[in-house]
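*Asks:* First, the structure itself, so that you have it in front of you.
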Amino acid sequence: LHMISSFGSFVLKSHSFSSRSLPKVRSQILPLKSDRFGNFNRNPRDLFNFEPKRTLIGYQYKERPFVPHYFMMEDQKRIDGKAMANDIQNEVKEEARKLKEEKGTVPGLAVIIVGDRKDSETYVRMKQKAAEEAGFNFFLKKVEKEVTQEKLLEHVKELNENKEVHGLIVQLPLPSHIDEKVVLDKVSIEKDIDGFHPANMGALAMKGREPTFVSCTPKGCIEMLDRLNVNLDGKVVVVLGRSNIVGIPVSLLCLNRNATITVCHSKTPNLPQVVKTADVLIAAVGRAQMVKGDWVKEGAIVIDVGINSVDDPTKKSGYKLVGDVDYESVKPVVSKITPVPGGVGPMTVAMLLQNTLVAAKRASGQEA
């Protein structure tokens with residue numbers, strides 16, 4: 001067996017084994033030292049004896065045990081976002097239980113959904129299911145598509161003032177007659193678990209400042225890299241896309257990890273050549289399977305945030321979901337890659353729960 005991560009997180013010596021010979025494999029694993037932040041150097045590491053590792057909770061680093069099964073999957077290149085998200089949700093559930101016991105506080109998540117878009121309703125159901133499984137209170141405010149902006153702002157104000165609500169989401173997109181910016185700006189910054197408030201975005205962009213919350217999808221990307229023990233210090237990170245929801249905040253998060261950042265967009269010349277410089281590629285451009293195998297540097301790590309539907313007559317629905325990356329052509333080239341679905345998506349929901357828990361802890365006077 002020979003397993004190597006792109007940045008030297010671990011190496012196991014070649015060894016054939018059955019389940020009975022697992023202790024022999026354990027003895028063949030060489031130690032890898034980690035610094036005080038849990039980052040690994042380029043020496044080999046004992047895969048079965050991970051020390052506690054610091055991870056992003058809200059915007060603070062907290063000690064947590066590292067779970068090694070991400071490295072033990074049959075497909076070593078595929079990043080299992082579902083497994084990671086499940087671990088995080090279990091961690092959040094336990095913390096929520098402790099918070100209720102110690103402070104009598106039950107984390108509360110509220111979602112406002114406008115209209116009857118099927119995709120938005122699906123996303124909200126996912127959030128509701130995850131919140132209830134974590135032991136949270138869930139508040140759903142459904143309003144008609146024709147709602148006036150003034151009435152929608154009243155709903156936001158009502159939930160801002162509800163002490164049982166710790167996290168508030170206005171499900172996007174909103175109808176065209178609603179000014180999205182005005183509505184999002186009215187969400188209390190203490191409940192802005194989506195991290196869309198301009199004060200949160202501004203703090204993320206400033207050295208020496210910490211946002212109250214980090215946007216969930218970018219935070220999920222970084223958490224994913226953390227749990228794979230990828231040290232971004234000095235690495236070249238290319239971000240495809242410059243949206244306020246993903247591209248800009250994830251580039252700032254990587255910059256805060258001392259990565260060298262290139263943000264690409266529709267006006268970027270020689271895009272394949274720029275992408276090929278990346279040690280880590282984060283694709284969030286919204287174009288189905290745009291990134292091909294010959295765009296990507298050998299051994300790179302690819303985080304595919306995109307989710308697009310393409311025709312597939314073999315599916316009952318008539319379509320399938322794919323990312324911004326052509327998974328089949330890119331996977332043979334890279335060291336790690338997220339699938340779509342099952343990659344970043346579940347991590348986004350997990351980060352939403354994590355942010356809500358942090359908000360509940362702060363509201364109860366407990367250190368987050």
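Residues in the structure tokens are numbered from 1 in each chain, the chains being A, B, ... in the order shown, and ligands are numbered from 1 in the order shown.
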I'd like the contact shell of A:Arg117 - 10 Å cut-off, only C-alpha atoms, skipping same-chain residues fewer than 3 positions apart - returned as a ChimeraX atom specification.
*Replies:* /A:113-114,120-122,145,173-174
*Asks:* I need the strand (DSSP E or B) residues of stretch 115-235 of chain A per DSSP on the backbone, written as a list of chain:residue names.
*Replies:* A:Asn137, A:Phe138, A:Phe139, A:Leu140, A:Lys141, A:Lys142, A:Val143, A:Gly167, A:Leu168, A:Ile169, A:Val170
*Asks:* Tell me, in Å to one decimal, how far atom CA of A:Asp80 is from atom CA of A:Asn137.
*Replies:*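 Atom CA of A:Asp80 sits 27.9 Å away from atom CA of A:Asn137.
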*Asks:* Taking into account only C-alpha atoms, which residue in the set A:Asn200, A:Asn160, A:Ser176, A:Ser266 is nearest to A:Ser188?
*Replies:* A:Asn160
*Asks:* Go through stretch 175-322 of chain A and collect every residue that DSSP, computed from the backbone, puts in alpha helix (DSSP H); the answer should be as a PDB file with N, CA and C atoms, in the first residue's frame.
*Replies:*
```
ATOM      1  N   GLU A 180     -32.386  43.046  -3.139  1.00  0.00           N
ATOM      2  CA  GLU A 180     -31.705  42.046  -2.319  1.00  0.00           C
ATOM      3  C   GLU A 180     -30.736  42.687  -1.337  1.00  0.00           C
ATOM      4  N   LYS A 181     -29.997  43.693  -1.791  1.00  0.00           N
ATOM      5  CA  LYS A 181     -28.999  44.337  -0.942  1.00  0.00           C
ATOM      6  C   LYS A 181     -29.643  44.982   0.276  1.00  0.00           C
ATOM      7  N   VAL A 182     -30.770  45.670   0.064  1.00  0.00           N
ATOM      8  CA  VAL A 182     -31.449  46.332   1.178  1.00  0.00           C
ATOM      9  C   VAL A 182     -31.921  45.311   2.205  1.00  0.00           C
ATOM     10  N   VAL A 183     -32.476  44.209   1.739  1.00  0.00           N
ATOM     11  CA  VAL A 183     -33.001  43.184   2.649  1.00  0.00           C
ATOM     12  C   VAL A 183     -31.868  42.538   3.451  1.00  0.00           C
ATOM     13  N   LEU A 184     -30.794  42.155   2.793  1.00  0.00           N
ATOM     14  CA  LEU A 184     -29.689  41.505   3.488  1.00  0.00           C
ATOM     15  C   LEU A 184     -29.026  42.436   4.496  1.00  0.00           C
ATOM     16  N   ASP A 185     -28.983  43.716   4.168  1.00  0.00           N
ATOM     17  CA  ASP A 185     -28.387  44.681   5.087  1.00  0.00           C
ATOM     18  C   ASP A 185     -29.185  44.821   6.376  1.00  0.00           C
ATOM     19  N   PRO A 198     -22.538  43.576   4.939  1.00  0.00           N
ATOM     20  CA  PRO A 198     -21.329  44.270   4.493  1.00  0.00           C
ATOM     21  C   PRO A 198     -20.284  44.455   5.597  1.00  0.00           C
ATOM     22  N   ALA A 199     -20.726  44.547   6.843  1.00  0.00           N
ATOM     23  CA  ALA A 199     -19.762  44.668   7.939  1.00  0.00           C
ATOM     24  C   ALA A 199     -18.960  43.380   8.100  1.00  0.00           C
ATOM     25  N   ASN A 200     -19.606  42.238   7.899  1.00  0.00           N
ATOM     26  CA  ASN A 200     -18.883  40.960   7.949  1.00  0.00           C
ATOM     27  C   ASN A 200     -17.912  40.831   6.789  1.00  0.00           C
ATOM     28  N   MET A 201     -18.358  41.184   5.598  1.00  0.00           N
ATOM     29  CA  MET A 201     -17.483  41.118   4.426  1.00  0.00           C
ATOM     30  C   MET A 201     -16.317  42.085   4.562  1.00  0.00           C
ATOM     31  N   GLY A 202     -16.602  43.275   5.061  1.00  0.00           N
ATOM     32  CA  GLY A 202     -15.542  44.272   5.226  1.00  0.00           C
ATOM     33  C   GLY A 202     -14.503  43.844   6.241  1.00  0.00           C
ATOM     34  N   ALA A 203     -14.953  43.284   7.362  1.00  0.00           N
ATOM     35  CA  ALA A 203     -14.020  42.828   8.387  1.00  0.00           C
ATOM     36  C   ALA A 203     -13.129  41.704   7.861  1.00  0.00           C
ATOM     37  N   LEU A 204     -13.708  40.843   7.023  1.00  0.00           N
ATOM     38  CA  LEU A 204     -12.928  39.747   6.445  1.00  0.00           C
ATOM     39  C   LEU A 204     -11.800  40.282   5.577  1.00  0.00           C
ATOM     40  N   ALA A 205     -12.024  41.440   4.944  1.00  0.00           N
ATOM     41  CA  ALA A 205     -11.033  41.999   4.018  1.00  0.00           C
ATOM     42  C   ALA A 205      -9.949  42.822   4.724  1.00  0.00           C
ATOM     43  N   CYS A 216     -20.925  30.739   4.578  1.00  0.00           N
ATOM     44  CA  CYS A 216     -20.896  29.293   4.834  1.00  0.00           C
ATOM     45  C   CYS A 216     -20.157  28.479   3.769  1.00  0.00           C
ATOM     46  N   THR A 217     -20.389  28.765   2.491  1.00  0.00           N
ATOM     47  CA  THR A 217     -19.723  27.966   1.461  1.00  0.00           C
ATOM     48  C   THR A 217     -18.220  28.190   1.455  1.00  0.00           C
ATOM     49  N   PRO A 218     -17.722  29.438   1.479  1.00  0.00           N
ATOM     50  CA  PRO A 218     -16.264  29.622   1.586  1.00  0.00           C
ATOM     51  C   PRO A 218     -15.689  29.002   2.852  1.00  0.00           C
ATOM     52  N   LYS A 219     -16.398  29.166   3.948  1.00  0.00           N
ATOM     53  CA  LYS A 219     -15.925  28.574   5.197  1.00  0.00           C
ATOM     54  C   LYS A 219     -15.863  27.056   5.090  1.00  0.00           C
ATOM     55  N   GLY A 220     -16.852  26.470   4.405  1.00  0.00           N
ATOM     56  CA  GLY A 220     -16.850  25.019   4.202  1.00  0.00           C
ATOM     57  C   GLY A 220     -15.672  24.558   3.369  1.00  0.00           C
ATOM     58  N   CYS A 221     -15.287  25.356   2.371  1.00  0.00           N
ATOM     59  CA  CYS A 221     -14.107  25.017   1.554  1.00  0.00           C
ATOM     60  C   CYS A 221     -12.847  24.976   2.414  1.00  0.00           C
ATOM     61  N   ILE A 222     -12.685  25.989   3.269  1.00  0.00           N
ATOM     62  CA  ILE A 222     -11.500  26.050   4.117  1.00  0.00           C
ATOM     63  C   ILE A 222     -11.516  24.945   5.159  1.00  0.00           C
ATOM     64  N   GLU A 223     -12.681  24.685   5.724  1.00  0.00           N
ATOM     65  CA  GLU A 223     -12.792  23.590   6.700  1.00  0.00           C
ATOM     66  C   GLU A 223     -12.435  22.258   6.058  1.00  0.00           C
ATOM     67  N   MET A 224     -12.846  22.080   4.824  1.00  0.00           N
ATOM     68  CA  MET A 224     -12.530  20.860   4.097  1.00  0.00           C
ATOM     69  C   MET A 224     -11.012  20.705   3.939  1.00  0.00           C
ATOM     70  N   LEU A 225     -10.346  21.777   3.558  1.00  0.00           N
ATOM     71  CA  LEU A 225      -8.887  21.738   3.423  1.00  0.00           C
ATOM     72  C   LEU A 225      -8.229  21.503   4.778  1.00  0.00           C
ATOM     73  N   ASP A 226      -8.778  22.112   5.825  1.00  0.00           N
ATOM     74  CA  ASP A 226      -8.247  21.886   7.174  1.00  0.00           C
ATOM     75  C   ASP A 226      -8.312  20.413   7.560  1.00  0.00           C
ATOM     76  N   ARG A 227      -9.445  19.795   7.282  1.00  0.00           N
ATOM     77  CA  ARG A 227      -9.628  18.403   7.691  1.00  0.00           C
ATOM     78  C   ARG A 227      -8.826  17.444   6.824  1.00  0.00           C
ATOM     79  N   GLY A 247     -16.609  33.554  -4.391  1.00  0.00           N
ATOM     80  CA  GLY A 247     -15.296  33.896  -4.925  1.00  0.00           C
ATOM     81  C   GLY A 247     -14.509  34.878  -4.089  1.00  0.00           C
ATOM     82  N   ILE A 248     -15.118  36.012  -3.758  1.00  0.00           N
ATOM     83  CA  ILE A 248     -14.395  37.032  -2.993  1.00  0.00           C
ATOM     84  C   ILE A 248     -14.083  36.560  -1.569  1.00  0.00           C
ATOM     85  N   PRO A 249     -15.082  36.069  -0.805  1.00  0.00           N
ATOM     86  CA  PRO A 249     -14.737  35.656   0.562  1.00  0.00           C
ATOM     87  C   PRO A 249     -13.756  34.484   0.627  1.00  0.00           C
ATOM     88  N   VAL A 250     -13.858  33.509  -0.274  1.00  0.00           N
ATOM     89  CA  VAL A 250     -12.921  32.385  -0.188  1.00  0.00           C
ATOM     90  C   VAL A 250     -11.508  32.829  -0.554  1.00  0.00           C
ATOM     91  N   SER A 251     -11.384  33.796  -1.463  1.00  0.00           N
ATOM     92  CA  SER A 251     -10.053  34.303  -1.793  1.00  0.00           C
ATOM     93  C   SER A 251      -9.447  35.031  -0.601  1.00  0.00           C
ATOM     94  N   LEU A 252     -10.271  35.774   0.138  1.00  0.00           N
ATOM     95  CA  LEU A 252      -9.779  36.473   1.326  1.00  0.00           C
ATOM     96  C   LEU A 252      -9.383  35.491   2.430  1.00  0.00           C
ATOM     97  N   LEU A 253     -10.181  34.433   2.598  1.00  0.00           N
ATOM     98  CA  LEU A 253      -9.836  33.417   3.600  1.00  0.00           C
ATOM     99  C   LEU A 253      -8.496  32.760   3.272  1.00  0.00           C
ATOM    100  N   CYS A 254      -8.278  32.466   1.998  1.00  0.00           N
ATOM    101  CA  CYS A 254      -7.002  31.862   1.594  1.00  0.00           C
ATOM    102  C   CYS A 254      -5.851  32.847   1.760  1.00  0.00           C
ATOM    103  N   LEU A 255      -6.104  34.103   1.447  1.00  0.00           N
ATOM    104  CA  LEU A 255      -5.081  35.129   1.636  1.00  0.00           C
ATOM    105  C   LEU A 255      -4.694  35.235   3.105  1.00  0.00           C
ATOM    106  N   LEU A 271      -6.955  31.841 -19.663  1.00  0.00           N
ATOM    107  CA  LEU A 271      -7.480  31.218 -18.446  1.00  0.00           C
ATOM    108  C   LEU A 271      -6.898  29.834 -18.177  1.00  0.00           C
ATOM    109  N   PRO A 272      -6.804  28.926 -19.150  1.00  0.00           N
ATOM    110  CA  PRO A 272      -6.247  27.606 -18.838  1.00  0.00           C
ATOM    111  C   PRO A 272      -4.814  27.674 -18.292  1.00  0.00           C
ATOM    112  N   GLN A 273      -4.019  28.582 -18.837  1.00  0.00           N
ATOM    113  CA  GLN A 273      -2.645  28.707 -18.359  1.00  0.00           C
ATOM    114  C   GLN A 273      -2.599  29.238 -16.922  1.00  0.00           C
ATOM    115  N   VAL A 274      -3.502  30.167 -16.602  1.00  0.00           N
ATOM    116  CA  VAL A 274      -3.547  30.697 -15.240  1.00  0.00           C
ATOM    117  C   VAL A 274      -3.985  29.605 -14.268  1.00  0.00           C
ATOM    118  N   VAL A 275      -5.020  28.855 -14.644  1.00  0.00           N
ATOM    119  CA  VAL A 275      -5.519  27.785 -13.778  1.00  0.00           C
ATOM    120  C   VAL A 275      -4.425  26.752 -13.508  1.00  0.00           C
TER     121      VAL A 275
END
```
*Asks:* Could you tell me which of A:Lys103, A:Lys118, A:Lys142, A:Lys191 comes closest to A:Thr356 if we count only C-alpha atoms?
*Replies:*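 Using only C-alpha atoms, A:Thr356 sits closest to A:Lys191.
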*Asks:* Mind checking which residues fall within 10 Å of A:Ile301, counting only C-alpha atoms, ignoring those fewer than 6 positions away in the same chain, and posting them as a list of chain:residue names?
*Replies:*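 In the requested format, the answer is A:Ser5, A:Ser6, A:Phe7, A:Lys77, A:Ile79, A:Leu225, A:Val230, A:Val237, A:Ala278, A:Asp279, A:Val280, A:Leu281, A:Ile282, A:Lys331, A:Val333, A:Val334, A:Ser335, A:Lys336, A:Ile337, A:Thr338.
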*Asks:* Do a neighbour search on A:Phe213 at 9 Å with only C-alpha atoms, toss out local chain neighbours closer than 6 positions, and write the hits as a JSON list (two decimals) with C-alpha atoms, in the first residue's frame.
*Replies:*
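Output file around_38.json follows:
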```json
[["chain", "number", "residue", "atom", "x", "y", "z"],
["A", 58, "GLY", "CA", -17.04, 30.90, 13.73],
["A", 59, "TYR", "CA", -13.83, 32.80, 13.04],
["A", 189, "ILE", "CA", -25.16, 41.20, 12.20],
["A", 190, "GLU", "CA", -25.38, 39.02, 15.33],
["A", 191, "LYS", "CA", -27.72, 36.68, 13.40],
["A", 192, "ASP", "CA", -26.10, 36.98, 9.97],
["A", 193, "ILE", "CA", -24.95, 33.37, 9.86],
["A", 194, "ASP", "CA", -24.72, 33.54, 6.06],
["A", 195, "GLY", "CA", -22.00, 36.17, 6.49],
["A", 196, "PHE", "CA", -23.50, 38.44, 3.80],
["A", 200, "ASN", "CA", -18.88, 40.96, 7.95],
["A", 201, "MET", "CA", -17.48, 41.12, 4.43],
["A", 355, "ASN", "CA", -22.47, 29.37, 12.71],
["A", 358, "VAL", "CA", -21.80, 30.02, 17.68],
["A", 359, "ALA", "CA", -24.54, 32.66, 17.57]]
```
*Asks:* Give me, as a list in words, all polymer residues having an atom no more than 10 Å from A:Val291, counting only C-alpha atoms and skipping those fewer than 6 positions away in the same chain.
*Replies:*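 With the cut-off at 10 Å, the set is Leu240, Leu271, Pro272, Val275, Ala283, Asp304, Gly323, Asp324, Val325, Asp326, Tyr327, Ser329 and Val330 of chain A.
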*Asks:* Keeping only N, CA, C and O atoms, write those residues as a CSV table (one decimal), in the first residue's frame.
*Replies:*
```
chain,number,residue,atom,x,y,z
A,240,LEU,N,-11.7,30.6,-9.3
A,240,LEU,CA,-12.5,30.8,-10.5
A,240,LEU,C,-13.9,31.4,-10.1
A,240,LEU,O,-14.7,30.7,-9.5
A,271,LEU,N,-7.0,31.8,-19.7
A,271,LEU,CA,-7.5,31.2,-18.4
A,271,LEU,C,-6.9,29.8,-18.2
A,271,LEU,O,-6.5,29.6,-17.0
A,272,PRO,N,-6.8,28.9,-19.2
A,272,PRO,CA,-6.2,27.6,-18.8
A,272,PRO,C,-4.8,27.7,-18.3
A,272,PRO,O,-4.5,26.9,-17.4
A,275,VAL,N,-5.0,28.9,-14.6
A,275,VAL,CA,-5.5,27.8,-13.8
A,275,VAL,C,-4.4,26.8,-13.5
A,275,VAL,O,-4.3,26.2,-12.4
A,283,ALA,N,-13.2,26.3,-7.8
A,283,ALA,CA,-14.0,26.7,-9.0
A,283,ALA,C,-15.4,27.0,-8.5
A,283,ALA,O,-16.1,26.2,-7.9
A,304,ASP,N,-14.5,22.0,-6.0
A,304,ASP,CA,-15.5,22.3,-7.1
A,304,ASP,C,-16.8,22.8,-6.4
A,304,ASP,O,-17.5,22.0,-5.8
A,323,GLY,N,-20.4,19.7,-11.7
A,323,GLY,CA,-19.7,20.9,-11.2
A,323,GLY,C,-19.2,21.8,-12.3
A,323,GLY,O,-19.5,21.6,-13.5
A,324,ASP,N,-18.4,22.7,-11.9
A,324,ASP,CA,-17.7,23.6,-12.9
A,324,ASP,C,-16.5,22.8,-13.4
A,324,ASP,O,-15.9,23.3,-14.4
A,325,VAL,N,-16.1,21.7,-12.8
A,325,VAL,CA,-14.9,20.9,-13.2
A,325,VAL,C,-15.4,19.7,-13.9
A,325,VAL,O,-16.3,19.0,-13.5
A,326,ASP,N,-14.7,19.3,-15.0
A,326,ASP,CA,-15.0,18.0,-15.7
A,326,ASP,C,-14.3,16.9,-14.9
A,326,ASP,O,-13.2,16.6,-15.1
A,327,TYR,N,-15.1,16.4,-14.0
A,327,TYR,CA,-14.6,15.4,-13.0
A,327,TYR,C,-13.8,14.3,-13.6
A,327,TYR,O,-12.7,14.0,-13.1
A,329,SER,N,-12.2,14.0,-16.4
A,329,SER,CA,-10.9,14.3,-17.1
A,329,SER,C,-9.9,14.9,-16.1
A,329,SER,O,-8.7,14.8,-16.3
A,330,VAL,N,-10.4,15.5,-15.1
A,330,VAL,CA,-9.5,16.2,-14.1
A,330,VAL,C,-9.0,15.2,-13.0
A,330,VAL,O,-7.8,15.3,-12.6
```
*Asks:* Check the smallest atom-to-atom distance from each of A:Val106, A:Ala96, A:Met347, A:Ala363 to A:Lys127 using only C-alpha atoms, then report the winner.
*Replies:*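 Under the stated criterion, the closest residue is A:Met347.
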*Asks:* Might you pull out every residue within 9 Å of A:Val92, with only C-alpha atoms counted and same-chain residues fewer than 6 positions away left off, and present them as a ChimeraX atom specification?
*Replies:* /A:134,350,353-354,357
*Asks:* A:Thr105: which residues within 7 Å, counting only C-alpha atoms, same-chain residues fewer than 4 positions away excluded, as a PyMOL selection string?
*Replies:* chain A and resi 99-100+364
*Asks:* Using only C-alpha atoms, which of A:His155, A:Ile178, A:Gly167, A:Glu146 sits nearest A:Thr212?
*Replies:*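 Nearest to A:Thr212: A:Gly167.
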*Asks:* Just to confirm, what's the straight-line distance from atom CA of A:Ala259 to atom CA of A:Gly234 in Å (one decimal)?
*Replies:*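 Between atom CA of A:Ala259 and atom CA of A:Gly234 the gap is 5.0 Å.
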*Asks:* Between atom CA of A:Phe136 and atom CA of A:Glu164, what is the spacing in Å?
*Replies:*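 Atom CA of A:Phe136 lies at a distance of 10.4 Å from atom CA of A:Glu164.
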*Asks:* Using only C-alpha atoms, which of A:Ala110, A:Arg125, A:Gly345, A:Glu161 sits nearest A:Lys141?
*Replies:* A:Ala110
*Asks:* Using only C-alpha atoms, which of A:Ala288, A:Val238, A:Ile88, A:Leu153 sits nearest A:Val302?
*Replies:*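 For A:Val302, the nearest of the given residues is A:Val238.
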